[in-house]
Structures are given as structure tokens and as C-alpha cells.
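Asker: Could you have a look at this structure, given as C-alpha cells, before my questions?
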Amino acid sequence: MATTAAPAPAYAATYPAGEQTGLWSWLATVDHKRIGTLYLWTALAFFVIGGVEAFIMRLQLMQPNGQVVSAEAFNQLFTMHGTTMVFLVIMPLSAAFFNYLIPLQIGARDVAFPRLNAFSYWVYLFGGLFMTIPILFKVAPDGGWFGYAPLTTMQFSGGLNIDFWVLGLQILGVSSLAAAFNFITTVINMRAPGMSLMRMPIFTWMSFVVQFLLILAFPAITVALFFLQFDRFFGTQFYEIAAGADPLLWQHLFWVFGHPEVYILILPAFGLASEILPTFSQKPLFGYNVMVYSGIMIGFLGFGVWAHHMFAVGMGATADTIFSMATMLIGIPTGVKIFNWLATMWGGNLRFTVAMKFAIALVGLFTIGGISGVMHSSAPTDLQQTDTYFIVAHFHYVLFGGSIMGIMGGIYHYFPKMTGRYMSEKLGNWHFWLFFIGMNMTFFPMHFSGMLGMPRRIYTYDVGQGWEQFNLWSSIGVFIQGVGLLIFAYNFLKSRKSGDPAPNDAWGAGTLEWSIPSPPPEYNFAQLPVVTSRYPLWDLKHPERTADLAHSAPDQMTITDSHAVPMHEEAERKSAKDLGIPMPFPTIKPLFAALFMVIMVGGLVFIHAANLQVALAVMIGGAALFIGTVYGWLTSPLE
Amino acid sequence: MATAAITDPHAAGHGEHAHYTTTGLEHRKIAIWALIGSECMLFASLIATYLVYKGRSKVGPWPHDWGCKTSNVIGKTAEAVQAAGCAAADVMKPILDIPVTSQSTFVLLMSSLAMVLALEGVENAGKAGYDKWYKGSKFWLAMTAIMGATFLGYQSYEFTSFVHEGLTIRTNLFGSSFFTLTGFHGTHVAVGVLWLMTLLFIDLKRGLKGATDVLLVDICALYWHFVDVVWIAIFTLIYLIQ
């Protein structure tokens, strides 16, 4: 290992001394790894909540004429299940990996704006609670995760339920946008010397594409939500059909966001699978360039297919045809990815770890969901399938079979990096097989119940329609998944303390994050490594694997950073102070800024819950505290 | 295959680890461009909604046409509306006042010029010839903020007079989409004015000078120019095209 750190600057005494512990260190943290960990724990907690919601729904639907919950409660359950799983589980689980991995994969100390990063997390947490807590008071959102207006206007949804949904999503939007600006800057500007864009690990690449989808897609739903907010609170007429409003305005704006959102949910899981498959095939990813281009292509085409969610509304033959064709087109880059993963495994020296099994399951299960997706890209076919359980089956194969399987694989894969300990492979195998069998048992029969005409979102159904056995199978499948989830939770909690110790390079992988200790020290890299190929660690340890890849010799590169050293493994763990690496100061201000912002936005609810005076008092109070905190934040030094 | 990496010369002694950047640009400069990209989609959605709803309102007042309070008669002149049977007392005039808004548009566009000169002032702070008050950043930051505030004043006047003429955010689709769109833009201008005043405050307190301060003003300038460009789109699409 190369050594010699720069002499510590004179003001090194003000650095935080060593790793901090305790509650305060977590509340005030600006470390991307800790923030990633917070995202992971919070999103897993919401995963349990969203899972319980699904469990109750499946109990209700297990038998015809179920009596477990009322129709009103069922509406709240499916709305919160969808909203939770999309905005509070899969997106933040992806964000957990963005946070934890992007700086490590590109060789950076942290993200570009560490405090903004903390702010994103706290906004997510408070926004998630803001939307979830109402379920305890039976006023949870009940208009579906897509919240179609005019259904969600005051005329048809007078209660507070939708207020919480509208404002909650606005709050979560702030979190996602702030994080996206941060990661775009991080990826563009903080790569290690020699890491050109086409040498970035593929997870970082897919995440990079996702950040662009976020900043370009979220404004559309922000505007749609503002219209709804104004309609509900201030009496505007955006969704007032009697005043001449277009009943499709919401649908267009929502799906302009909603379809890119689908790729926001799946691309990070694709990225994780693209890290796991080469590692356990022990050969480089097949067709790296094409993988990158197809990811960009998916992101690009993702903006041109939104109206395939609206074939049933009568847009006319021209629009239906164009969106049909665009949707079929997007199957091509997605198919390219599937074949590249297969070719990566082809001829590889495969190791079937739990992470690998999840990644392979992603390839298979996503393909099933992808193929049913291509089926309803055809408008006439879609008219038979839309709003039936066939669609439910389709997007659960994509989101559970794709996103969740990929993310679970990612958790098993990166757990040793995050904690320095392996998760139990034995328990992991139980988890995997229960999830795999349970999810197929749940969602495969839904294809049939859907084809037999069972509509989505109904809270009960009568006997004699041929749906009984399929619903029974689906419900049994959920029990099996539940057992799998419990085993995962036990494994996750137990392995943190007593798992087998993991070295730097827990799995023999090839990217930068595996060259530093597990768990990584707070400063990540004592010295910036010079990257000369796509798998710098394999260059060092398994040059035969990367022999066919493009390399550049370090002496051909212009390296002006005085700390850059040739690729190496870092075994020693020193403090940032000893190394003279300036670290950002911990600060509680992002937490308070997030809290006050949520109070400011949430205050609007009091217009309906109490009166205008109370609402104004809460909002203006929240706004004043928010602005004060932000000024305090901006005037205090980062490091 | 060389990747040129530039170390910020001002970071020397501050620990290059934190300040090494791949592109040589400061993080905040990249982030503000990303923000502007996102804002484009925000205003695109707002403008698209306005245009989709154009002509769909069931009742007046209308943006460019004369109307009637008691019926849905629309005409190009007051006489045409009266000829169609509207009593003189019930005639509604077109809401948008292009001459007045042209003035505020001119002020806002000129504020971009002032912003450029403010940035030039900071870039050249301390150099010969830039110590004159009319070359310095303090004057031009103040001018930019004043012109921004003037635009906001015009907008307040405009909104107030529209309300007096019978158009509120609740009246019709035109009112809802017009006030929301221009209100969002006005809010952006207001944020910009606050930002400029904060910079002016710093400038008065300790003087803006050097690469870090240039960046500070530069990102504000990018935001300010963007807000101006959006107004050009709004003014053209909403006011000028009938």
C-alpha cells in the first residue's frame, strides 16, 4: 500500500476527532454512508408497513365476500400500499444505494453537497411520516397512488385524506429533487482521476440516468399537484369539469411523470444486478457500452410513452398508435440488457451466492413482467387488460420481480461492505426461495384472475365468477413472502452483530468500493486511486479477467491532483485527522430545515381541519423558522 | 484517453481532496444548471396547461377579447359586443394590457444587463477603473434588485387591476391558469430579488471579491437570466399571441 499523506493543515484541530457514535452523531450526520444507512433502515421499515397493508388486502380477498375490512379501509389500504411502495420503499431503497455507493464507486470523499444530502433524507423521513401517520386515524389517502383528478377534488373527496396525499407527495418531491441535483453534480464532478464516463461502474451509470429522469419528470407531477392543491385549498378550477376543464389534464401531467418514474424504480435495480452478475460470473460485464447506451435509451424513450397508461380514455387512433409504437420500441433497449446479462453469465465461473440468485431471479422475473408489458403496449389488447388484475400481475413482476429482487440482491451483496460482516447465506437461501416461490404464487395467478375479468381495486367479489382459486393462491403466496421477510429481518439484524467478518473485497469484485476497508472509514479513500480501466481492482488482482478491456497507462494521463496514486488496496484504517483530510462538520441544521419545511407545507391541512387563521399561523411560523435555519446553514462553514 | 483534471488554485492549503473536481468547474455551477433544467420542465408544464386551457373558459373575462357579464358574447371590440346584444354597463374589456406589461418586460430584460455588469464588477473588483461607483458590483446588484422589484410592482398592479375588472384565480380557467403561471414566475423573481439583496448585503458588509465570490454571484446571475428567459416565453405566448 502506498502511503505518505499530505501534512495536516494548521486548522486540523477543528476536525471531528475520529468516528462519532451515539444518537446525536446520527441526527447530525452529513456522511453519505450514514445517510445511506438511514435511508436503508427507514425504507425497510416502510417496506414492512407497505407489506402489512398488502397482507391485509390479501386476507380480505382470500375468500369471496371477505369481511376483514370495510370498503373505505380497503381504499386507504391500496392507496397507501401503492404510494408507500413507490415513494417510501423502492425510491428510498434506491437512494440508500445511491448514497452509499456512488461516492465509493467513483472514488470520492462524499457527495458534492453533504448537508443537502442530509436534508434530502430528513425531508423523506418527515414526509413519509406525514403521509403514513394518518392511517392510524383512519384518514389515510384513499384516491389511489395515481390520485386521478377530478376524483381527488373537493367535490368527490372532501375529507382530509387527499390533503395528506397531495402535500405528502410535494414534500417527497423536494427530497428527490434535492438528492438528484446532488448526485448529478457528484457524478459529473467528483470522479477519481482516470475514471472517464465510460469507465464508471454500471450501477453509477444507471443511477446517473435516474437522476436526470428525476429532475425532468418530477416537475410535471409537482405542477399537477400544485393545481390540485390550489383547487382544493384556494378554489381554482383546473380540474373543474363544469367550468370547462379537461378531465385528462391530470392524467397527462401525472403520467408524464409516472412513466419515467417506472424507470426511476427499475434502473437502480438493473445497476445492482449489473454489479452482482459480473462479480459472481468472475468476468467483466458483457457489452458494457451497449448497457450504458441502452440505459440512456430507456431513459430517453421513457418520456415518450406516458399515454400508454391512458389507452382506455379515448385519445383517438393517431395518439394510440404513436404511443403503442413508442412503447414497443422501448422493449428493445430493455431486451438488450437481458441478453447482455445472459451473455455475462455465459461461460463464466458462476458462484451461486444469495446475491447472485436474486440477480438471476431479476433477469427471469423482470422478463416475464416485460413481456406482459409488451402485450399491453398494443392498444386493442390493452383495452381488454386495463384495470384488471392482469395489470396488477404485470407491474408486480416488474417492481417486485425486478426492483425488489434486485435491491434484495444488492443488500446481500453490499451488506459486508456496509457492516464488515457477511449476512448468513443459509438464512439468505431460505429468504430467497420463500420470496421467489411466494412472489410467483402471488402474482402469477393474477394473470388468470385478470383475464377472467377481475377488476383492480375492488374490495370484495361474489362467488361463482371463477376467481376463487386464483385469489386463494395469491393470498397463500403472500403468507409465504411474509415468512421470507421475517427471515430476512432476522438475518439482517443478527448478522450486523454476529455475521462472519468480511475483508475489504468481500466477494472478489472489480470496482473501487471493494479496495477500501469494510466498513469504509469516514473519509473513504486515504488517497485517490488513478483508474486505468473499468475494473481497477481486477487489474490489480485478476489481470487475466480484464486483459481484453481498454486500458490506459497512468503516464499517458494528465493527473494534476497531487494526492492521486496508482491503484492499490487500502488496508489501514486511520482517522481523517491523522491523514489531514478535511471532513464536513456534523450539523443538525438540515434536520431542522426539513422539519420546518414539512411544518410549513403541512400547515395547509389546517385550512380544512381547523380554519384559515390556524393554517396561516402554522405556515408562516414554519416558513420563518425554515428560512432562518437555511440562512444559518448557508452562513456556517461546511468543513 | 487522457482525462485532464484541474485543481482549483484557490484550494491550495485547504486540502485538495475536498476541492479536486473532474471538470474543473465548481460543484455549485453544475448544480445550478441541473436546477435550471428541472425548472424548464416546471414552466413547460405550467405554460402547456395555460395553452391547453386557452379558449376553454365558460365565462369571461377573456384575455384578448371583449366580453359580456350577462351572456357569453365575445367580440374584438366593445361595439361588436354591444351589437350582439350586451348592455353597455355589462361590457367586459380584455384583461391583458400589453402596453403596461411591455414596460415591465423591458424593465426585467434590462435587469439582466445590470446583472451582467454586477458580475463584471465582482470579477474586476479591485482593478483599476472599477473603483468608480457606476462600475462596481454594489451599484449594479442594487440596480438588478430594484429592477426585479419594479417588475414585481408592475405585477402587483396588474393582478390588482385584473381583480378589480372581475378576474380572480377562481373566476374561470383563464384566471386559474394565468394567475398560477405568472404567480409562479413572480415567486421566482421574488426569490431572485431576495438572493440579490443577500449578495448586496454581503457586498456592503465585506466586499465581494475573488474567485469564490465570483462563483457566488455567477450562480445567482444564471438563475436570474433563466427567470428572464422564462418571462420572454410567457410574454410571447400568453400576451402577444392572441
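To be explicit about the labels: the chains of the C-alpha cells are called A, B, and onward in the order shown, and within each one the residues are counted from 1, while ligands get numbers from 1 in the order they are shown.
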Give me the residues within 12 Å of Gly37 in chain B as number ranges by chain, counting only C-alpha atoms and dropping any in the same chain fewer than 2 places off.

Answerer: A: 177, 180-181, 184, 211-219; B: 30-35, 39-44, 222-223, 226

Asker: Write a file of the selected residues as a PDB file, in the first residue's frame, keeping C-alpha atoms.

Answerer:
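The result, written out as part.pdb:
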ATOM      1  CA  LEU A 177     -35.117  16.697  -6.460  1.00  0.00           C
ATOM      2  CA  ALA A 180     -30.931  14.372  -7.761  1.00  0.00           C
ATOM      3  CA  PHE A 181     -29.142  17.730  -8.122  1.00  0.00           C
ATOM      4  CA  ILE A 184     -25.720  14.714 -10.825  1.00  0.00           C
ATOM      5  CA  GLN A 211     -31.129  11.428 -11.555  1.00  0.00           C
ATOM      6  CA  PHE A 212     -31.859  13.031 -14.925  1.00  0.00           C
ATOM      7  CA  LEU A 213     -35.220  11.273 -15.046  1.00  0.00           C
ATOM      8  CA  LEU A 214     -35.943  12.632 -11.576  1.00  0.00           C
ATOM      9  CA  ILE A 215     -35.133  16.261 -12.328  1.00  0.00           C
ATOM     10  CA  LEU A 216     -37.021  16.213 -15.618  1.00  0.00           C
ATOM     11  CA  ALA A 217     -40.043  14.120 -14.614  1.00  0.00           C
ATOM     12  CA  PHE A 218     -40.781  15.385 -11.119  1.00  0.00           C
ATOM     13  CA  PRO A 219     -41.672  18.958 -12.150  1.00  0.00           C
TER      14      PRO A 219
ATOM     15  CA  ILE B  30     -23.101  22.261 -12.196  1.00  0.00           C
ATOM     16  CA  ALA B  31     -25.917  22.029  -9.662  1.00  0.00           C
ATOM     17  CA  ILE B  32     -27.447  25.331 -10.778  1.00  0.00           C
ATOM     18  CA  TRP B  33     -27.531  24.102 -14.376  1.00  0.00           C
ATOM     19  CA  ALA B  34     -29.272  20.939 -13.223  1.00  0.00           C
ATOM     20  CA  LEU B  35     -31.748  23.089 -11.297  1.00  0.00           C
ATOM     21  CA  GLU B  39     -37.176  24.445 -13.793  1.00  0.00           C
ATOM     22  CA  CYS B  40     -37.597  24.299 -17.576  1.00  0.00           C
ATOM     23  CA  MET B  41     -39.881  21.304 -17.129  1.00  0.00           C
ATOM     24  CA  LEU B  42     -41.776  23.098 -14.366  1.00  0.00           C
ATOM     25  CA  PHE B  43     -42.527  26.121 -16.517  1.00  0.00           C
ATOM     26  CA  ALA B  44     -43.134  23.940 -19.584  1.00  0.00           C
ATOM     27  CA  LEU B 222     -27.518  32.207 -14.124  1.00  0.00           C
ATOM     28  CA  TYR B 223     -30.718  31.873 -12.122  1.00  0.00           C
ATOM     29  CA  PHE B 226     -33.120  31.996 -16.598  1.00  0.00           C
TER      30      PHE B 226
END

Asker: Would you kindly return, as a count of residues only, each protein, DNA or RNA residue with an atom no farther than 7 Å from any atom of range 202-219 of chain B, considering only C-alpha atoms and excluding same-chain residues fewer than 2 positions away?

Answerer: 13

Asker: At a cut-off of 7 Å, using only C-alpha atoms, what residues contact range 342-346 of chain A? Leave out same-chain residues fewer than 4 positions from it and give the result as a PDB file with N, CA and C atoms, in the first residue's frame.

Answerer:
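Result file follows (result.pdb):
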ATOM      1  N   LEU A 277     -23.853  -9.655 -11.187  1.00  0.00           N
ATOM      2  CA  LEU A 277     -23.658 -10.733 -12.163  1.00  0.00           C
ATOM      3  C   LEU A 277     -22.202 -10.874 -12.609  1.00  0.00           C
ATOM      4  N   PRO A 278     -21.488  -9.783 -12.952  1.00  0.00           N
ATOM      5  CA  PRO A 278     -20.081  -9.969 -13.332  1.00  0.00           C
ATOM      6  C   PRO A 278     -19.225 -10.486 -12.170  1.00  0.00           C
ATOM      7  N   SER A 281     -19.937 -14.116 -11.843  1.00  0.00           N
ATOM      8  CA  SER A 281     -19.578 -14.858 -13.044  1.00  0.00           C
ATOM      9  C   SER A 281     -18.077 -14.785 -13.244  1.00  0.00           C
ATOM     10  N   LEU A 285     -18.615  -7.415 -17.281  1.00  0.00           N
ATOM     11  CA  LEU A 285     -19.957  -7.293 -17.847  1.00  0.00           C
ATOM     12  C   LEU A 285     -19.866  -7.348 -19.367  1.00  0.00           C
ATOM     13  N   PHE A 286     -20.724  -8.152 -19.959  1.00  0.00           N
ATOM     14  CA  PHE A 286     -20.718  -8.267 -21.418  1.00  0.00           C
ATOM     15  C   PHE A 286     -21.339  -7.006 -22.018  1.00  0.00           C
ATOM     16  N   ILE A 338     -31.277  -7.634 -21.007  1.00  0.00           N
ATOM     17  CA  ILE A 338     -31.490  -9.035 -20.609  1.00  0.00           C
ATOM     18  C   ILE A 338     -30.447  -9.929 -21.287  1.00  0.00           C
TER      19      ILE A 338
END

Asker: DSSP on the backbone: what in range 348-482 of chain A comes out alpha helix (DSSP H), as a ChimeraX atom specification?

Answerer: /A:354-375,379-385,389-398,405-419,425-451,468-482

Asker: Residues near Ile234 in chain B, anyone? I mean within 12 Å using only C-alpha atoms, not counting same-chain ones fewer than 3 positions away, as an MDAnalysis selection string.

Answerer: chainID B and resid 43:44 46:48 50:51 101:102 105 178 181:186 227:231 237:241

Asker: Could you take the residues named above and write them with C-alpha atoms, as a JSON list (two decimals), in the first residue's frame?

Answerer:
[["chain", "number", "residue", "atom", "x", "y", "z"],
["B", 43, "PHE", "CA", -42.53, 26.12, -16.52],
["B", 44, "ALA", "CA", -43.13, 23.94, -19.58],
["B", 46, "LEU", "CA", -47.40, 25.43, -16.48],
["B", 47, "ILE", "CA", -47.27, 27.07, -19.91],
["B", 48, "ALA", "CA", -48.62, 23.94, -21.62],
["B", 50, "TYR", "CA", -52.28, 27.58, -19.94],
["B", 51, "LEU", "CA", -52.22, 26.96, -23.68],
["B", 101, "THR", "CA", -46.77, 44.64, -19.44],
["B", 102, "SER", "CA", -44.36, 45.66, -22.21],
["B", 105, "THR", "CA", -40.97, 43.25, -19.58],
["B", 178, "PHE", "CA", -52.99, 32.76, -15.76],
["B", 181, "LEU", "CA", -48.38, 30.62, -14.21],
["B", 182, "THR", "CA", -47.50, 34.28, -13.71],
["B", 183, "GLY", "CA", -47.64, 33.83, -9.96],
["B", 184, "PHE", "CA", -45.04, 31.06, -10.14],
["B", 185, "HIS", "CA", -42.88, 33.28, -12.27],
["B", 186, "GLY", "CA", -43.36, 36.19, -9.90],
["B", 227, "VAL", "CA", -36.06, 33.72, -14.88],
["B", 228, "ASP", "CA", -35.82, 36.44, -17.53],
["B", 229, "VAL", "CA", -35.79, 33.97, -20.39],
["B", 230, "VAL", "CA", -38.87, 32.28, -18.99],
["B", 231, "TRP", "CA", -40.61, 35.64, -18.94],
["B", 237, "LEU", "CA", -47.05, 33.03, -25.69],
["B", 238, "ILE", "CA", -49.54, 34.48, -23.24],
["B", 239, "TYR", "CA", -49.61, 38.19, -24.02],
["B", 240, "LEU", "CA", -48.51, 38.74, -27.61],
["B", 241, "ILE", "CA", -50.02, 35.76, -29.42]]

Asker: Could you check which of B:Phe235, B:Ser156, B:Met92, B:Val52 is closest to Thr70 in chain B, using only C-alpha atoms?

Answerer: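 That would be B:Met92, the residue with the smallest distance to Thr70 in chain B.
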
Asker: From range 25-190 of chain B, collect each residue whose DSSP state is strand (DSSP E) and return the set as a PyMOL selection string.

Answerer: chain B and resi 67-68+91-92

Asker: Using only C-alpha atoms, which residues sit within 9 Å of Ile458 in chain A once same-chain residues fewer than 5 positions away are excluded, as a list in words?

Answerer: Ala71, Phe74 and Asn75 of chain A

Asker: Just to be explicit: take each residue in the selection above, keep C-alpha atoms, and write the result as a PDB file, in the first residue's frame.

Answerer:
ATOM      1  CA  ALA A  71     -64.627  -0.655   1.502  1.00  0.00           C
ATOM      2  CA  PHE A  74     -59.671  -1.051   1.580  1.00  0.00           C
ATOM      3  CA  ASN A  75     -59.422   2.154  -0.474  1.00  0.00           C
TER       4      ASN A  75
END

Asker: Which polymer residues have any atom within 10 Å of an atom of Leu40 in chain A, counting only C-alpha atoms, with same-chain residues fewer than 2 positions away left out, as a list in words?

Answerer: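 The contact residues come out as Arg34, Ile35, Gly36, Thr37, Leu38, Thr42, Ala43, Leu44, Ala45, Phe46, Val89, Pro92, Leu93, Ser94, Ala95, Ala96, Phe97, Asn99, Tyr100 and Ile411 of chain A.
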
Asker: Just how far from CA of Met297 in chain A is CA of Ser176 in chain A, in Å to one decimal?

Answerer: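 These atoms are spaced 22.0 Å apart.
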
Asker: Might you pull out every residue within 7 Å of His27 in chain B, with only C-alpha atoms counted and same-chain residues fewer than 5 positions away left off, and present them as a compact mmCIF listing (two decimals) with N, CA and C atoms, in the first residue's frame?

Answerer:
# COMPACT_ATOMS: atom_id res chain seq x y z
N ALA A 112 -21.38 15.80 -3.46
CA ALA A 112 -20.96 17.19 -3.69
C ALA A 112 -21.46 18.12 -2.60
N THR A 185 -24.32 16.37 -9.76
CA THR A 185 -23.07 17.10 -9.56
C THR A 185 -21.96 16.16 -9.11
N ASN A 189 -18.68 15.62 -11.34
CA ASN A 189 -17.56 16.43 -10.88
C ASN A 189 -16.63 15.77 -9.88

Asker: Using CA of Leu493 in chain A and CA of Ala361 in chain A as the two end points, give the distance in Å to one decimal.

Answerer: 24.0 Å

Asker: In Å, with one decimal, what is the gap from CA of Pro519 in chain A to CA of Gly420 in chain A?

Answerer: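 A separation of 4.9 Å between them.
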